[in-house]
Amino acid sequence: MSWLVLVLSGVLEAVWAVALGRSEGFTRLVPSVTFAVALVLSMAGLAYAMRELPVGTSYAVWVGIGAALTVGFGMVSGGEPISAVKVLLLCGLIGCVVGLKLAH
């Protein structure tokens with residue numbers, strides 16, 4: 001259960017990161033509220049997962065999932081250029097997250 005919560009928290013990290021970028025310095029209401037809600041839920045899920053999983057592994061997986069999804073979303077939405085190097089590095093990042101799960 002802790003791994004599932006950790007993965008969902010990583011997804012929420014990407015949600016709050018994207019919402020923060022779209023909030024324009026907290027001047028737009030919907031992205032600002034989305035940021036706040038996703039941030040609280042993401043942190044709560046991370047804290048829950050850390051009750052059973054090691055801190056270092058939990059944090060690395062959480063950040064890795066959030067970073068990969070945030071960059072991936074940026075590339076798909078057109079806000080960030082796509083390159084073979086970026087895709088390869090994202091695949092490596094995802095591989096490292098999976099490796100941390102398998103090593104646990």
# chains A, B, ... in the order shown; residues from 1 in each chain; ligands from 1

call {"tool": "closest_atom_pairs", "arguments": {"of": "stretch 33-53 of chain A", "to": "stretch 1-23 of chain A", "cutoff": "6 Å", "atoms": "only C-alpha atoms", "output": "JSON lines"}}
result
{"residue": "A:Phe35", "atom": "CA", "partner": "A:Trp16", "partner_atom": "CA", "distance": 4.4}
{"residue": "A:Ala38", "atom": "CA", "partner": "A:Trp16", "partner_atom": "CA", "distance": 5.3}
{"residue": "A:Leu39", "atom": "CA", "partner": "A:Trp16", "partner_atom": "CA", "distance": 5.7}
{"residue": "A:Ser42", "atom": "CA", "partner": "A:Ser9", "partner_atom": "CA", "distance": 4.4}
{"residue": "A:Gly45", "atom": "CA", "partner": "A:Ser9", "partner_atom": "CA", "distance": 5.3}
{"residue": "A:Leu46", "atom": "CA", "partner": "A:Leu6", "partner_atom": "CA", "distance": 5.7}
{"residue": "A:Ala49", "atom": "CA", "partner": "A:Ser2", "partner_atom": "CA", "distance": 4.6}

call {"tool": "select_by_dssp", "arguments": {"residues": "stretch 6-99 of chain A", "states": "helix (DSSP H, G or I)", "output": "MDAnalysis selection string"}}
result
chainID A and resid 6:22 29:49 55:77 84:99

call {"tool": "residues_around", "arguments": {"residues": "A:Val87", "least_positions_apart": "5", "cutoff": "9 Å", "atoms": "only C-alpha atoms", "output": "list of chain:residue names"}}
result
A:Gly72, A:Ile82, A:Gly92

call {"tool": "write_last_selection", "arguments": {"atoms": "N, CA and C atoms", "output": "PDB file, in the first residue's frame"}}
result
ATOM      1  N   GLY A  72       7.781  15.430 -18.992  1.00  0.00           N
ATOM      2  CA  GLY A  72       7.001  14.767 -20.046  1.00  0.00           C
ATOM      3  C   GLY A  72       5.777  15.570 -20.432  1.00  0.00           C
ATOM      4  N   ILE A  82      11.161  18.908 -27.395  1.00  0.00           N
ATOM      5  CA  ILE A  82      11.426  17.475 -27.329  1.00  0.00           C
ATOM      6  C   ILE A  82      12.741  17.202 -28.043  1.00  0.00           C
ATOM      7  N   GLY A  92      15.976   6.921 -18.579  1.00  0.00           N
ATOM      8  CA  GLY A  92      16.945   6.550 -17.551  1.00  0.00           C
ATOM      9  C   GLY A  92      16.447   6.862 -16.161  1.00  0.00           C
TER      10      GLY A  92
END

call {"tool": "atom_distance", "arguments": {"atom1": "atom CA of A:Tyr48", "atom2": "atom CA of A:Trp62"}}
result
12.2 Å

call {"tool": "atom_distance", "arguments": {"atom1": "atom CA of A:Phe73", "atom2": "atom CA of A:Leu102"}}
result
25.7 Å

call {"tool": "residues_around", "arguments": {"residues": "A:Cys96", "least_positions_apart": "2", "cutoff": "12 Å", "atoms": "only C-alpha atoms", "output": "JSON, numbers by chain"}}
result
{"A": [57, 60, 61, 62, 63, 64, 65, 68, 89, 90, 91, 92, 93, 94, 98, 99, 100, 101, 102, 103]}

call {"tool": "write_last_selection", "arguments": {"atoms": "N, CA, C and O atoms", "output": "PDB file, in the first residue's frame"}}
result
ATOM      1  N   THR A  57      14.894   6.319  -0.229  1.00  0.00           N
ATOM      2  CA  THR A  57      14.204   5.663  -1.343  1.00  0.00           C
ATOM      3  C   THR A  57      12.885   6.365  -1.638  1.00  0.00           C
ATOM      4  O   THR A  57      12.572   6.642  -2.794  1.00  0.00           O
ATOM      5  N   ALA A  60      13.539   9.812  -3.276  1.00  0.00           N
ATOM      6  CA  ALA A  60      14.070   9.683  -4.642  1.00  0.00           C
ATOM      7  C   ALA A  60      12.987   9.230  -5.616  1.00  0.00           C
ATOM      8  O   ALA A  60      12.888   9.747  -6.734  1.00  0.00           O
ATOM      9  N   VAL A  61      12.165   8.291  -5.209  1.00  0.00           N
ATOM     10  CA  VAL A  61      11.078   7.814  -6.074  1.00  0.00           C
ATOM     11  C   VAL A  61      10.063   8.927  -6.289  1.00  0.00           C
ATOM     12  O   VAL A  61       9.611   9.174  -7.410  1.00  0.00           O
ATOM     13  N   TRP A  62       9.699   9.617  -5.230  1.00  0.00           N
ATOM     14  CA  TRP A  62       8.713  10.704  -5.304  1.00  0.00           C
ATOM     15  C   TRP A  62       9.188  11.806  -6.247  1.00  0.00           C
ATOM     16  O   TRP A  62       8.455  12.235  -7.141  1.00  0.00           O
ATOM     17  N   VAL A  63      10.431  12.236  -6.066  1.00  0.00           N
ATOM     18  CA  VAL A  63      10.989  13.290  -6.918  1.00  0.00           C
ATOM     19  C   VAL A  63      11.131  12.799  -8.354  1.00  0.00           C
ATOM     20  O   VAL A  63      10.828  13.528  -9.302  1.00  0.00           O
ATOM     21  N   GLY A  64      11.601  11.570  -8.529  1.00  0.00           N
ATOM     22  CA  GLY A  64      11.791  11.023  -9.874  1.00  0.00           C
ATOM     23  C   GLY A  64      10.503  10.960 -10.659  1.00  0.00           C
ATOM     24  O   GLY A  64      10.447  11.363 -11.834  1.00  0.00           O
ATOM     25  N   ILE A  65       9.454  10.465 -10.019  1.00  0.00           N
ATOM     26  CA  ILE A  65       8.148  10.395 -10.688  1.00  0.00           C
ATOM     27  C   ILE A  65       7.655  11.798 -11.024  1.00  0.00           C
ATOM     28  O   ILE A  65       7.223  12.074 -12.146  1.00  0.00           O
ATOM     29  N   ALA A  68       9.881  13.394 -13.858  1.00  0.00           N
ATOM     30  CA  ALA A  68       9.664  12.765 -15.166  1.00  0.00           C
ATOM     31  C   ALA A  68       8.310  13.165 -15.746  1.00  0.00           C
ATOM     32  O   ALA A  68       8.204  13.492 -16.937  1.00  0.00           O
ATOM     33  N   LEU A  89      17.155  10.508 -21.391  1.00  0.00           N
ATOM     34  CA  LEU A  89      17.409  10.795 -19.980  1.00  0.00           C
ATOM     35  C   LEU A  89      16.172  10.529 -19.120  1.00  0.00           C
ATOM     36  O   LEU A  89      16.287  10.031 -17.993  1.00  0.00           O
ATOM     37  N   LEU A  90      14.991  10.858 -19.631  1.00  0.00           N
ATOM     38  CA  LEU A  90      13.766  10.548 -18.888  1.00  0.00           C
ATOM     39  C   LEU A  90      13.584   9.043 -18.730  1.00  0.00           C
ATOM     40  O   LEU A  90      13.174   8.577 -17.662  1.00  0.00           O
ATOM     41  N   CYS A  91      13.883   8.300 -19.770  1.00  0.00           N
ATOM     42  CA  CYS A  91      13.813   6.831 -19.678  1.00  0.00           C
ATOM     43  C   CYS A  91      14.795   6.323 -18.627  1.00  0.00           C
ATOM     44  O   CYS A  91      14.470   5.413 -17.851  1.00  0.00           O
ATOM     45  N   GLY A  92      15.976   6.921 -18.579  1.00  0.00           N
ATOM     46  CA  GLY A  92      16.945   6.550 -17.551  1.00  0.00           C
ATOM     47  C   GLY A  92      16.447   6.862 -16.161  1.00  0.00           C
ATOM     48  O   GLY A  92      16.615   6.069 -15.225  1.00  0.00           O
ATOM     49  N   LEU A  93      15.809   8.010 -16.009  1.00  0.00           N
ATOM     50  CA  LEU A  93      15.256   8.405 -14.715  1.00  0.00           C
ATOM     51  C   LEU A  93      14.165   7.426 -14.277  1.00  0.00           C
ATOM     52  O   LEU A  93      14.140   6.971 -13.129  1.00  0.00           O
ATOM     53  N   ILE A  94      13.291   7.081 -15.191  1.00  0.00           N
ATOM     54  CA  ILE A  94      12.228   6.129 -14.888  1.00  0.00           C
ATOM     55  C   ILE A  94      12.834   4.763 -14.551  1.00  0.00           C
ATOM     56  O   ILE A  94      12.389   4.089 -13.612  1.00  0.00           O
ATOM     57  N   VAL A  98      12.296   2.631 -11.063  1.00  0.00           N
ATOM     58  CA  VAL A  98      11.899   1.225 -11.045  1.00  0.00           C
ATOM     59  C   VAL A  98      12.968   0.399 -10.331  1.00  0.00           C
ATOM     60  O   VAL A  98      12.659  -0.494  -9.532  1.00  0.00           O
ATOM     61  N   GLY A  99      14.229   0.710 -10.590  1.00  0.00           N
ATOM     62  CA  GLY A  99      15.318  -0.004  -9.927  1.00  0.00           C
ATOM     63  C   GLY A  99      15.277   0.158  -8.416  1.00  0.00           C
ATOM     64  O   GLY A  99      15.530  -0.810  -7.679  1.00  0.00           O
ATOM     65  N   LEU A 100      14.965   1.347  -7.941  1.00  0.00           N
ATOM     66  CA  LEU A 100      14.848   1.553  -6.496  1.00  0.00           C
ATOM     67  C   LEU A 100      13.718   0.712  -5.903  1.00  0.00           C
ATOM     68  O   LEU A 100      13.851   0.159  -4.801  1.00  0.00           O
ATOM     69  N   LYS A 101      12.631   0.593  -6.636  1.00  0.00           N
ATOM     70  CA  LYS A 101      11.526  -0.245  -6.166  1.00  0.00           C
ATOM     71  C   LYS A 101      11.961  -1.704  -6.113  1.00  0.00           C
ATOM     72  O   LYS A 101      11.720  -2.414  -5.135  1.00  0.00           O
ATOM     73  N   LEU A 102      12.619  -2.174  -7.171  1.00  0.00           N
ATOM     74  CA  LEU A 102      13.040  -3.578  -7.223  1.00  0.00           C
ATOM     75  C   LEU A 102      14.110  -3.893  -6.180  1.00  0.00           C
ATOM     76  O   LEU A 102      14.162  -5.013  -5.664  1.00  0.00           O
ATOM     77  N   ALA A 103      14.937  -2.911  -5.862  1.00  0.00           N
ATOM     78  CA  ALA A 103      16.005  -3.126  -4.878  1.00  0.00           C
ATOM     79  C   ALA A 103      15.482  -3.116  -3.444  1.00  0.00           C
ATOM     80  O   ALA A 103      16.186  -3.554  -2.534  1.00  0.00           O
TER      81      ALA A 103
END

call {"tool": "decode", "arguments": {"residues": "stretch 16-30 of chain A", "atoms": "all heavy atoms", "output": "short mmCIF file (atom, residue, chain, number, x, y, z; two decimals), in the first residue's frame"}}
result
data_model
loop_
_atom_site.label_atom_id
_atom_site.label_comp_id
_atom_site.auth_asym_id
_atom_site.auth_seq_id
_atom_site.Cartn_x
_atom_site.Cartn_y
_atom_site.Cartn_z
N TRP A 16 1.16 19.63 -8.87
CA TRP A 16 1.39 20.93 -8.22
C TRP A 16 2.49 21.72 -8.90
O TRP A 16 2.44 22.95 -8.93
CB TRP A 16 1.57 20.83 -6.72
CG TRP A 16 2.76 20.18 -6.09
CD1 TRP A 16 2.78 18.99 -5.43
CD2 TRP A 16 4.10 20.70 -5.97
NE1 TRP A 16 4.05 18.74 -4.95
CE2 TRP A 16 4.87 19.78 -5.26
CE3 TRP A 16 4.71 21.88 -6.42
CZ2 TRP A 16 6.22 19.97 -4.98
CZ3 TRP A 16 6.06 22.08 -6.15
CH2 TRP A 16 6.80 21.13 -5.43
N ALA A 17 3.47 21.05 -9.48
CA ALA A 17 4.53 21.78 -10.19
C ALA A 17 3.97 22.48 -11.42
O ALA A 17 4.28 23.66 -11.67
CB ALA A 17 5.65 20.82 -10.58
N VAL A 18 3.14 21.79 -12.18
CA VAL A 18 2.53 22.40 -13.37
C VAL A 18 1.58 23.53 -12.95
O VAL A 18 1.60 24.61 -13.54
CB VAL A 18 1.79 21.33 -14.21
CG1 VAL A 18 0.96 21.98 -15.31
CG2 VAL A 18 2.79 20.34 -14.80
N ALA A 19 0.80 23.28 -11.91
CA ALA A 19 -0.14 24.31 -11.44
C ALA A 19 0.62 25.54 -10.94
O ALA A 19 0.19 26.68 -11.19
CB ALA A 19 -1.02 23.75 -10.33
N LEU A 20 1.74 25.33 -10.27
CA LEU A 20 2.55 26.47 -9.80
C LEU A 20 3.02 27.31 -10.99
O LEU A 20 2.95 28.54 -10.96
CB LEU A 20 3.74 25.97 -8.99
CG LEU A 20 4.68 27.04 -8.45
CD1 LEU A 20 3.95 27.99 -7.51
CD2 LEU A 20 5.85 26.37 -7.74
N GLY A 21 3.46 26.65 -12.03
CA GLY A 21 3.90 27.38 -13.23
C GLY A 21 2.78 28.16 -13.89
O GLY A 21 3.00 29.24 -14.44
N ARG A 22 1.59 27.60 -13.83
CA ARG A 22 0.44 28.26 -14.46
C ARG A 22 -0.24 29.29 -13.58
O ARG A 22 -1.13 30.01 -14.03
CB ARG A 22 -0.56 27.20 -14.92
CG ARG A 22 0.01 26.35 -16.04
CD ARG A 22 -1.00 25.41 -16.60
NE ARG A 22 -0.42 24.72 -17.75
CZ ARG A 22 -1.07 23.90 -18.51
NH1 ARG A 22 -2.34 23.63 -18.26
NH2 ARG A 22 -0.48 23.32 -19.53
N SER A 23 0.14 29.34 -12.30
CA SER A 23 -0.52 30.27 -11.38
C SER A 23 -0.08 31.71 -11.59
O SER A 23 -0.72 32.64 -11.06
CB SER A 23 -0.24 29.87 -9.93
OG SER A 23 1.10 30.18 -9.57
N GLU A 24 1.00 31.91 -12.35
CA GLU A 24 1.54 33.25 -12.61
C GLU A 24 1.75 34.02 -11.31
O GLU A 24 1.22 35.12 -11.11
CB GLU A 24 0.64 34.01 -13.59
CG GLU A 24 0.58 33.36 -14.97
CD GLU A 24 -0.35 34.05 -15.95
OE1 GLU A 24 -0.80 35.18 -15.67
OE2 GLU A 24 -0.61 33.44 -17.00
N GLY A 25 2.55 33.40 -10.43
CA GLY A 25 2.86 34.07 -9.16
C GLY A 25 1.67 34.14 -8.23
O GLY A 25 1.52 35.10 -7.49
N PHE A 26 0.82 33.14 -8.27
CA PHE A 26 -0.40 33.05 -7.46
C PHE A 26 -1.41 34.16 -7.77
O PHE A 26 -2.19 34.56 -6.91
CB PHE A 26 -0.07 33.02 -5.96
CG PHE A 26 0.78 31.85 -5.56
CD1 PHE A 26 2.06 32.05 -5.05
CD2 PHE A 26 0.33 30.56 -5.69
CE1 PHE A 26 2.86 30.99 -4.69
CE2 PHE A 26 1.12 29.47 -5.33
CZ PHE A 26 2.39 29.69 -4.83
N THR A 27 -1.41 34.63 -9.00
CA THR A 27 -2.37 35.66 -9.39
C THR A 27 -3.59 35.05 -10.08
O THR A 27 -4.57 35.76 -10.30
CB THR A 27 -1.73 36.69 -10.34
OG1 THR A 27 -1.25 36.03 -11.51
CG2 THR A 27 -0.57 37.42 -9.65
N ARG A 28 -3.53 33.77 -10.43
CA ARG A 28 -4.67 33.08 -11.05
C ARG A 28 -5.23 32.10 -10.04
O ARG A 28 -4.52 31.25 -9.50
CB ARG A 28 -4.21 32.38 -12.33
CG ARG A 28 -3.74 33.39 -13.39
CD ARG A 28 -3.31 32.77 -14.69
NE ARG A 28 -4.40 31.99 -15.26
CZ ARG A 28 -4.21 30.84 -15.91
NH1 ARG A 28 -2.99 30.35 -16.09
NH2 ARG A 28 -5.23 30.18 -16.40
N LEU A 29 -6.53 32.18 -9.79
CA LEU A 29 -7.18 31.44 -8.70
C LEU A 29 -7.14 29.93 -8.89
O LEU A 29 -6.70 29.20 -8.00
CB LEU A 29 -8.63 31.92 -8.52
CG LEU A 29 -9.41 31.22 -7.40
CD1 LEU A 29 -8.75 31.48 -6.05
CD2 LEU A 29 -10.86 31.65 -7.41
N VAL A 30 -7.63 29.42 -10.02
CA VAL A 30 -7.75 27.98 -10.19
C VAL A 30 -6.40 27.27 -10.13
O VAL A 30 -6.24 26.30 -9.37
CB VAL A 30 -8.53 27.63 -11.48
CG1 VAL A 30 -8.51 26.13 -11.75
CG2 VAL A 30 -9.97 28.12 -11.38
#
